[in-house]
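File shown here: coords-v1.cif, holding mmCIF, C-alpha atoms and all ligand atoms.
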```
data_model
#
loop_
_atom_site.group_PDB
_atom_site.id
_atom_site.type_symbol
_atom_site.label_atom_id
_atom_site.label_comp_id
_atom_site.auth_asym_id
_atom_site.auth_seq_id
_atom_site.Cartn_x
_atom_site.Cartn_y
_atom_site.Cartn_z
ATOM 1 C CA MET A 1 271.708 -209.584 -42.632
ATOM 2 C CA ALA A 2 273.065 -212.634 -44.420
ATOM 3 C CA THR A 3 272.466 -211.741 -48.029
ATOM 4 C CA THR A 4 273.453 -215.165 -49.301
ATOM 5 C CA ARG A 5 270.743 -217.036 -47.394
ATOM 6 C CA LYS A 6 268.425 -218.823 -49.804
ATOM 7 C CA THR A 7 264.725 -218.173 -49.564
ATOM 8 C CA GLY A 8 263.828 -220.213 -52.601
ATOM 9 C CA ALA A 9 261.591 -222.578 -50.655
ATOM 10 C CA LYS A 10 259.021 -219.825 -50.268
ATOM 11 C CA SER A 11 256.265 -219.473 -52.767
ATOM 12 C CA ALA A 12 256.451 -216.471 -55.017
ATOM 13 C CA ALA A 13 253.523 -214.217 -54.224
ATOM 14 C CA LYS A 14 252.939 -210.903 -55.915
ATOM 15 C CA SER A 15 251.849 -207.746 -54.171
ATOM 16 C CA LYS A 16 249.454 -205.247 -55.694
ATOM 17 C CA THR A 17 252.472 -203.400 -57.031
ATOM 18 C CA GLY A 18 253.493 -206.526 -58.894
ATOM 19 C CA LYS A 19 256.737 -207.006 -57.013
ATOM 20 C CA MET A 20 257.896 -210.384 -55.840
ATOM 21 C CA GLU A 21 257.371 -210.934 -52.141
ATOM 22 C CA ASN A 22 259.715 -213.834 -51.577
ATOM 23 C CA SER A 23 262.963 -211.928 -51.518
ATOM 24 C CA GLU A 24 265.023 -211.593 -48.377
ATOM 25 C CA PHE A 25 264.975 -207.822 -48.727
ATOM 26 C CA HIS A 26 261.188 -207.885 -48.695
ATOM 27 C CA GLU A 27 261.246 -209.945 -45.508
ATOM 28 C CA PHE A 28 263.718 -207.558 -43.940
ATOM 29 C CA PHE A 29 261.552 -204.587 -44.953
ATOM 30 C CA VAL A 30 258.420 -206.171 -43.460
ATOM 31 C CA ASP A 31 260.336 -206.955 -40.262
ATOM 32 C CA GLU A 32 261.339 -203.321 -39.937
ATOM 33 C CA LEU A 33 257.716 -202.286 -40.512
ATOM 34 C CA LYS A 34 256.694 -204.576 -37.635
ATOM 35 C CA ASP A 35 259.327 -202.891 -35.476
ATOM 36 C CA ILE A 36 258.089 -199.344 -36.143
ATOM 37 C CA TYR A 37 254.486 -200.581 -35.793
ATOM 38 C CA TRP A 38 255.314 -201.737 -32.240
ATOM 39 C CA ALA A 39 257.082 -198.420 -31.627
ATOM 40 C CA GLU A 40 254.090 -196.321 -32.735
ATOM 41 C CA LYS A 41 251.623 -198.447 -30.773
ATOM 42 C CA HIS A 42 253.604 -197.966 -27.579
ATOM 43 C CA LEU A 43 254.296 -194.302 -28.215
ATOM 44 C CA VAL A 44 250.587 -193.600 -28.576
ATOM 45 C CA LYS A 45 250.095 -194.934 -25.028
ATOM 46 C CA ALA A 46 253.024 -192.945 -23.628
ATOM 47 C CA LEU A 47 252.113 -189.561 -25.133
ATOM 48 C CA PRO A 48 248.990 -189.007 -22.969
ATOM 49 C CA LYS A 49 251.145 -189.678 -19.886
ATOM 50 C CA MET A 50 253.646 -187.113 -21.139
ATOM 51 C CA LYS A 51 250.810 -184.671 -21.772
ATOM 52 C CA LYS A 52 249.545 -185.134 -18.214
ATOM 53 C CA ALA A 53 253.032 -184.652 -16.809
ATOM 54 C CA ALA A 54 253.768 -181.476 -18.808
ATOM 55 C CA THR A 55 253.808 -178.161 -16.979
ATOM 56 C CA SER A 56 253.056 -175.728 -19.788
ATOM 57 C CA PRO A 57 249.791 -175.819 -21.734
ATOM 58 C CA GLU A 58 251.837 -175.335 -24.918
ATOM 59 C CA LEU A 59 253.732 -178.585 -24.420
ATOM 60 C CA ALA A 60 250.600 -180.429 -23.303
ATOM 61 C CA ALA A 61 248.895 -179.275 -26.522
ATOM 62 C CA ALA A 62 251.843 -180.441 -28.617
ATOM 63 C CA PHE A 63 251.651 -183.906 -27.022
ATOM 64 C CA GLU A 64 247.909 -184.060 -27.505
ATOM 65 C CA LYS A 65 248.265 -183.135 -31.179
ATOM 66 C CA HIS A 66 250.928 -185.748 -31.701
ATOM 67 C CA THR A 67 248.845 -188.421 -29.990
ATOM 68 C CA LYS A 68 246.225 -187.967 -32.726
ATOM 69 C CA GLU A 69 248.910 -187.927 -35.396
ATOM 70 C CA THR A 70 250.494 -191.065 -33.971
ATOM 71 C CA ASN A 71 247.146 -192.818 -34.297
ATOM 72 C CA ASN A 72 247.277 -191.824 -37.963
ATOM 73 C CA HIS A 73 250.793 -193.267 -38.230
ATOM 74 C CA ILE A 74 249.470 -196.570 -36.889
ATOM 75 C CA ALA A 75 246.604 -196.547 -39.393
ATOM 76 C CA THR A 76 249.047 -195.699 -42.193
ATOM 77 C CA LEU A 77 251.258 -198.653 -41.276
ATOM 78 C CA GLU A 78 248.198 -200.920 -41.304
ATOM 79 C CA GLN A 79 247.480 -199.639 -44.809
ATOM 80 C CA VAL A 80 251.091 -200.365 -45.786
ATOM 81 C CA PHE A 81 250.880 -203.953 -44.489
ATOM 82 C CA GLN A 82 247.682 -204.380 -46.470
ATOM 83 C CA LEU A 83 249.238 -203.039 -49.677
ATOM 84 C CA LEU A 84 252.112 -205.484 -49.238
ATOM 85 C CA GLY A 85 249.720 -208.368 -48.617
ATOM 86 C CA GLU A 86 251.156 -208.813 -45.131
ATOM 87 C CA LYS A 87 249.500 -209.125 -41.729
ATOM 88 C CA ALA A 88 249.850 -206.054 -39.503
ATOM 89 C CA GLN A 89 251.974 -207.420 -36.712
ATOM 90 C CA ALA A 90 254.005 -205.701 -34.004
ATOM 91 C CA LYS A 91 257.479 -206.825 -33.094
ATOM 92 C CA LYS A 92 259.167 -205.401 -30.024
ATOM 93 C CA CYS A 93 261.262 -202.346 -30.790
ATOM 94 C CA ASN A 94 264.006 -202.187 -28.161
ATOM 95 C CA ALA A 95 264.962 -198.668 -29.192
ATOM 96 C CA MET A 96 261.490 -197.212 -28.595
ATOM 97 C CA ASP A 97 261.180 -199.236 -25.409
ATOM 98 C CA GLY A 98 264.373 -197.587 -24.161
ATOM 99 C CA LEU A 99 263.367 -194.107 -25.303
ATOM 100 C CA LEU A 100 260.019 -194.383 -23.527
ATOM 101 C CA LYS A 101 261.787 -195.555 -20.369
ATOM 102 C CA GLU A 102 263.902 -192.424 -20.605
ATOM 103 C CA ALA A 103 260.735 -190.328 -20.810
ATOM 104 C CA ASP A 104 259.451 -192.083 -17.673
ATOM 105 C CA GLY A 105 262.778 -191.325 -16.041
ATOM 106 C CA VAL A 106 262.408 -187.616 -16.797
ATOM 107 C CA ILE A 107 259.022 -187.575 -15.075
ATOM 108 C CA GLU A 108 260.443 -189.410 -12.055
ATOM 109 C CA ASP A 109 263.492 -187.184 -11.810
ATOM 110 C CA THR A 110 261.790 -183.782 -12.123
ATOM 111 C CA ASP A 111 259.250 -181.969 -9.973
ATOM 112 C CA THR A 112 255.662 -181.459 -11.077
ATOM 113 C CA GLY A 113 254.903 -177.900 -12.169
ATOM 114 C CA THR A 114 258.456 -177.032 -13.192
ATOM 115 C CA LEU A 115 259.755 -176.021 -16.587
ATOM 116 C CA ILE A 116 262.770 -178.232 -16.012
ATOM 117 C CA ARG A 117 260.195 -181.047 -16.321
ATOM 118 C CA ASP A 118 259.085 -179.627 -19.692
ATOM 119 C CA ALA A 119 262.657 -179.179 -20.909
ATOM 120 C CA GLY A 120 263.300 -182.832 -20.042
ATOM 121 C CA LEU A 121 260.086 -184.013 -21.686
ATOM 122 C CA ILE A 122 260.943 -182.117 -24.862
ATOM 123 C CA LEU A 123 264.373 -183.743 -24.882
ATOM 124 C CA ALA A 124 262.819 -187.190 -24.465
ATOM 125 C CA ALA A 125 260.178 -186.512 -27.126
ATOM 126 C CA GLN A 126 262.712 -185.169 -29.604
ATOM 127 C CA LYS A 127 264.813 -188.311 -29.174
ATOM 128 C CA VAL A 128 261.693 -190.269 -30.099
ATOM 129 C CA GLU A 129 260.979 -188.078 -33.138
ATOM 130 C CA HIS A 130 264.554 -188.362 -34.355
ATOM 131 C CA TYR A 131 264.365 -192.128 -34.034
ATOM 132 C CA GLU A 132 261.168 -192.117 -36.069
ATOM 133 C CA ILE A 133 262.659 -189.757 -38.663
ATOM 134 C CA ALA A 134 265.657 -192.073 -39.096
ATOM 135 C CA THR A 135 263.412 -195.115 -39.383
ATOM 136 C CA TYR A 136 260.845 -193.697 -41.809
ATOM 137 C CA GLY A 137 263.571 -192.025 -43.852
ATOM 138 C CA THR A 138 265.198 -195.397 -44.442
ATOM 139 C CA LEU A 139 261.904 -197.205 -44.994
ATOM 140 C CA VAL A 140 260.885 -194.705 -47.690
ATOM 141 C CA VAL A 141 264.123 -195.415 -49.552
ATOM 142 C CA PHE A 142 263.658 -199.183 -49.131
ATOM 143 C CA ALA A 143 260.112 -198.960 -50.504
ATOM 144 C CA GLU A 144 261.287 -196.891 -53.470
ATOM 145 C CA ASN A 145 264.109 -199.341 -54.183
ATOM 146 C CA MET A 146 261.616 -202.199 -54.239
ATOM 147 C CA GLY A 147 259.270 -200.325 -56.518
ATOM 148 C CA HIS A 148 256.560 -199.988 -53.877
ATOM 149 C CA ASN A 149 255.832 -196.383 -54.782
ATOM 150 C CA ASP A 150 252.408 -196.376 -53.138
ATOM 151 C CA VAL A 151 253.982 -197.554 -49.872
ATOM 152 C CA ALA A 152 256.829 -195.031 -50.201
ATOM 153 C CA GLU A 153 254.305 -192.206 -50.554
ATOM 154 C CA LEU A 154 252.409 -193.258 -47.436
ATOM 155 C CA LEU A 155 255.586 -193.557 -45.384
ATOM 156 C CA GLN A 156 256.818 -190.203 -46.696
ATOM 157 C CA PHE A 157 253.645 -188.584 -45.388
ATOM 158 C CA THR A 158 254.371 -189.941 -41.898
ATOM 159 C CA LEU A 159 258.030 -188.919 -42.198
ATOM 160 C CA ASP A 160 257.000 -185.330 -42.998
ATOM 161 C CA ASN A 161 254.741 -185.298 -39.945
ATOM 162 C CA GLU A 162 257.522 -186.558 -37.656
ATOM 163 C CA LYS A 163 259.793 -183.793 -38.958
ATOM 164 C CA ALA A 164 257.091 -181.167 -38.385
ATOM 165 C CA THR A 165 256.618 -182.467 -34.835
ATOM 166 C CA ASP A 166 260.322 -182.206 -34.144
ATOM 167 C CA ILE A 167 260.288 -178.575 -35.344
ATOM 168 C CA ALA A 168 257.190 -177.797 -33.254
ATOM 169 C CA LEU A 169 258.914 -179.171 -30.138
ATOM 170 C CA THR A 170 261.999 -177.068 -30.846
ATOM 171 C CA GLU A 171 259.758 -174.016 -31.088
ATOM 172 C CA VAL A 172 258.201 -174.715 -27.677
ATOM 173 C CA ALA A 173 261.661 -175.211 -26.174
ATOM 174 C CA GLU A 174 263.072 -172.045 -27.692
ATOM 175 C CA SER A 175 260.047 -169.820 -27.099
ATOM 176 C CA PHE A 176 260.199 -169.982 -23.287
ATOM 177 C CA VAL A 177 260.799 -173.422 -21.782
ATOM 178 C CA ASN A 178 264.592 -173.560 -21.878
ATOM 179 C CA GLU A 179 265.044 -169.980 -20.737
ATOM 180 C CA GLN A 180 262.638 -170.318 -17.813
ATOM 181 C CA ALA A 181 263.951 -173.766 -16.887
ATOM 182 C CA ALA A 182 267.429 -172.257 -16.616
ATOM 183 C CA ALA A 183 266.041 -169.586 -14.258
ATOM 184 C CA GLU A 184 264.298 -172.083 -11.940
HETATM 185 FE FE FE B 201 255.022 -191.624 -35.436
HETATM 186 FE FE FE B 202 256.281 -189.125 -33.799
#
```
Show me, as structure tokens, the structure contained in the file I just sent.
Amino acid sequence: MATTRKTGAKSAAKSKTGKMENSEFHEFFVDELKDIYWAEKHLVKALPKMKKAATSPELAAAFEKHTKETNNHIATLEQVFQLLGEKAQAKKCNAMDGLLKEADGVIEDTDTGTLIRDAGLILAAQKVEHYEIATYGTLVVFAENMGHNDVAELLQFTLDNEKATDIALTEVAESFVNEQAAAE
């Protein structure tokens, strides 16, 4: 990011939090929100496919639960855009696009009804969760730095849910999937 670029031509609008919206950092922040908005909107379409592909009911249930939660993440981001006085807009996230292609690859490369399939799906899903954790973690700090405490709180709530999902997936992997996959 070129920090010296002038954005002075823009009009100075104020958000509900009273912060100036014409700064380059604000624009960068909003751009990153558009990126994760795209990511969540595509993830929510991929998760039901992953659920259908899963072998164990435990993993299918975890994907179903996170589909609902991901819908909440989308709604939360829409709330964030609104608080910032910005339009909710999605901008292609190449990282999520790649991670979801990897998940597709796992389904293609493994046999239906195997726990190797589940082990692979958990790996793919945990890569997604870690990407989301990294993104929301940074966005929370950005929001705090800009004084958007209401936005930071909303994003923190999503961040906590992504972390809980990651832990839940680890539990499924460690409870039986990895061990049985190794025995297949
Ligand atoms: Fe999410
Ligand atoms: Fe997630």
Give me, as a tab-separated table, the closest atom pair and its distance (Å, one decimal) for every residue of chain A within a cut-off of 7 Å of ligand FE 202 (chain B), counting all atoms listed in the file, rows sorted by chain and rising number.
```
residue	atom	partner	partner_atom	distance
A:His66	CA	B:FE202	FE	6.7
A:Thr70	CA	B:FE202	FE	6.1
A:Val128	CA	B:FE202	FE	6.7
A:Glu129	CA	B:FE202	FE	4.9
A:Glu132	CA	B:FE202	FE	6.2
A:Glu162	CA	B:FE202	FE	4.8
A:Thr165	CA	B:FE202	FE	6.7
```
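Distances here use all atoms listed in the file; by that measure, the residue among A:Lys87, A:Arg117, A:His148, A:Lys34 closest to Ala173 of chain A is A:Arg117.
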Protein and nucleic residues near ligand FE 201 (chain B), 10 Å, all atoms listed in the file, as a PyMOL selection string: chain A and resi 36-37+39-41+43-44+66-74+76-77+128-129+131-133+135-136+158-159+161-163+165
Using only C-alpha atoms, which of the listed residues (A:Val172, A:Ala183, A:Leu139, A:Phe63) sits closest to Val80 of chain A? A:Leu139
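Nearest to Asp166 of chain A of all the residues A:Lys51, A:Lys65, A:Lys127, A:His26 is A:Lys127, counting all atoms listed in the file.
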Tell me which residues the PyMOL selection byres (((chain A and resi 184) around 9) and not hetatm) grabs here, as a PDB file with C-alpha atoms, keeping the file's coordinate frame.
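So out_35.pdb came out as:
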```
ATOM      1  CA  THR A 114     258.456-177.032 -13.192  1.00  0.00           C
ATOM      2  CA  LEU A 115     259.755-176.021 -16.587  1.00  0.00           C
ATOM      3  CA  ILE A 116     262.770-178.232 -16.012  1.00  0.00           C
ATOM      4  CA  GLN A 180     262.638-170.318 -17.813  1.00  0.00           C
ATOM      5  CA  ALA A 181     263.951-173.766 -16.887  1.00  0.00           C
ATOM      6  CA  ALA A 182     267.429-172.257 -16.616  1.00  0.00           C
ATOM      7  CA  ALA A 183     266.041-169.586 -14.258  1.00  0.00           C
TER       8      ALA A 183
END
```
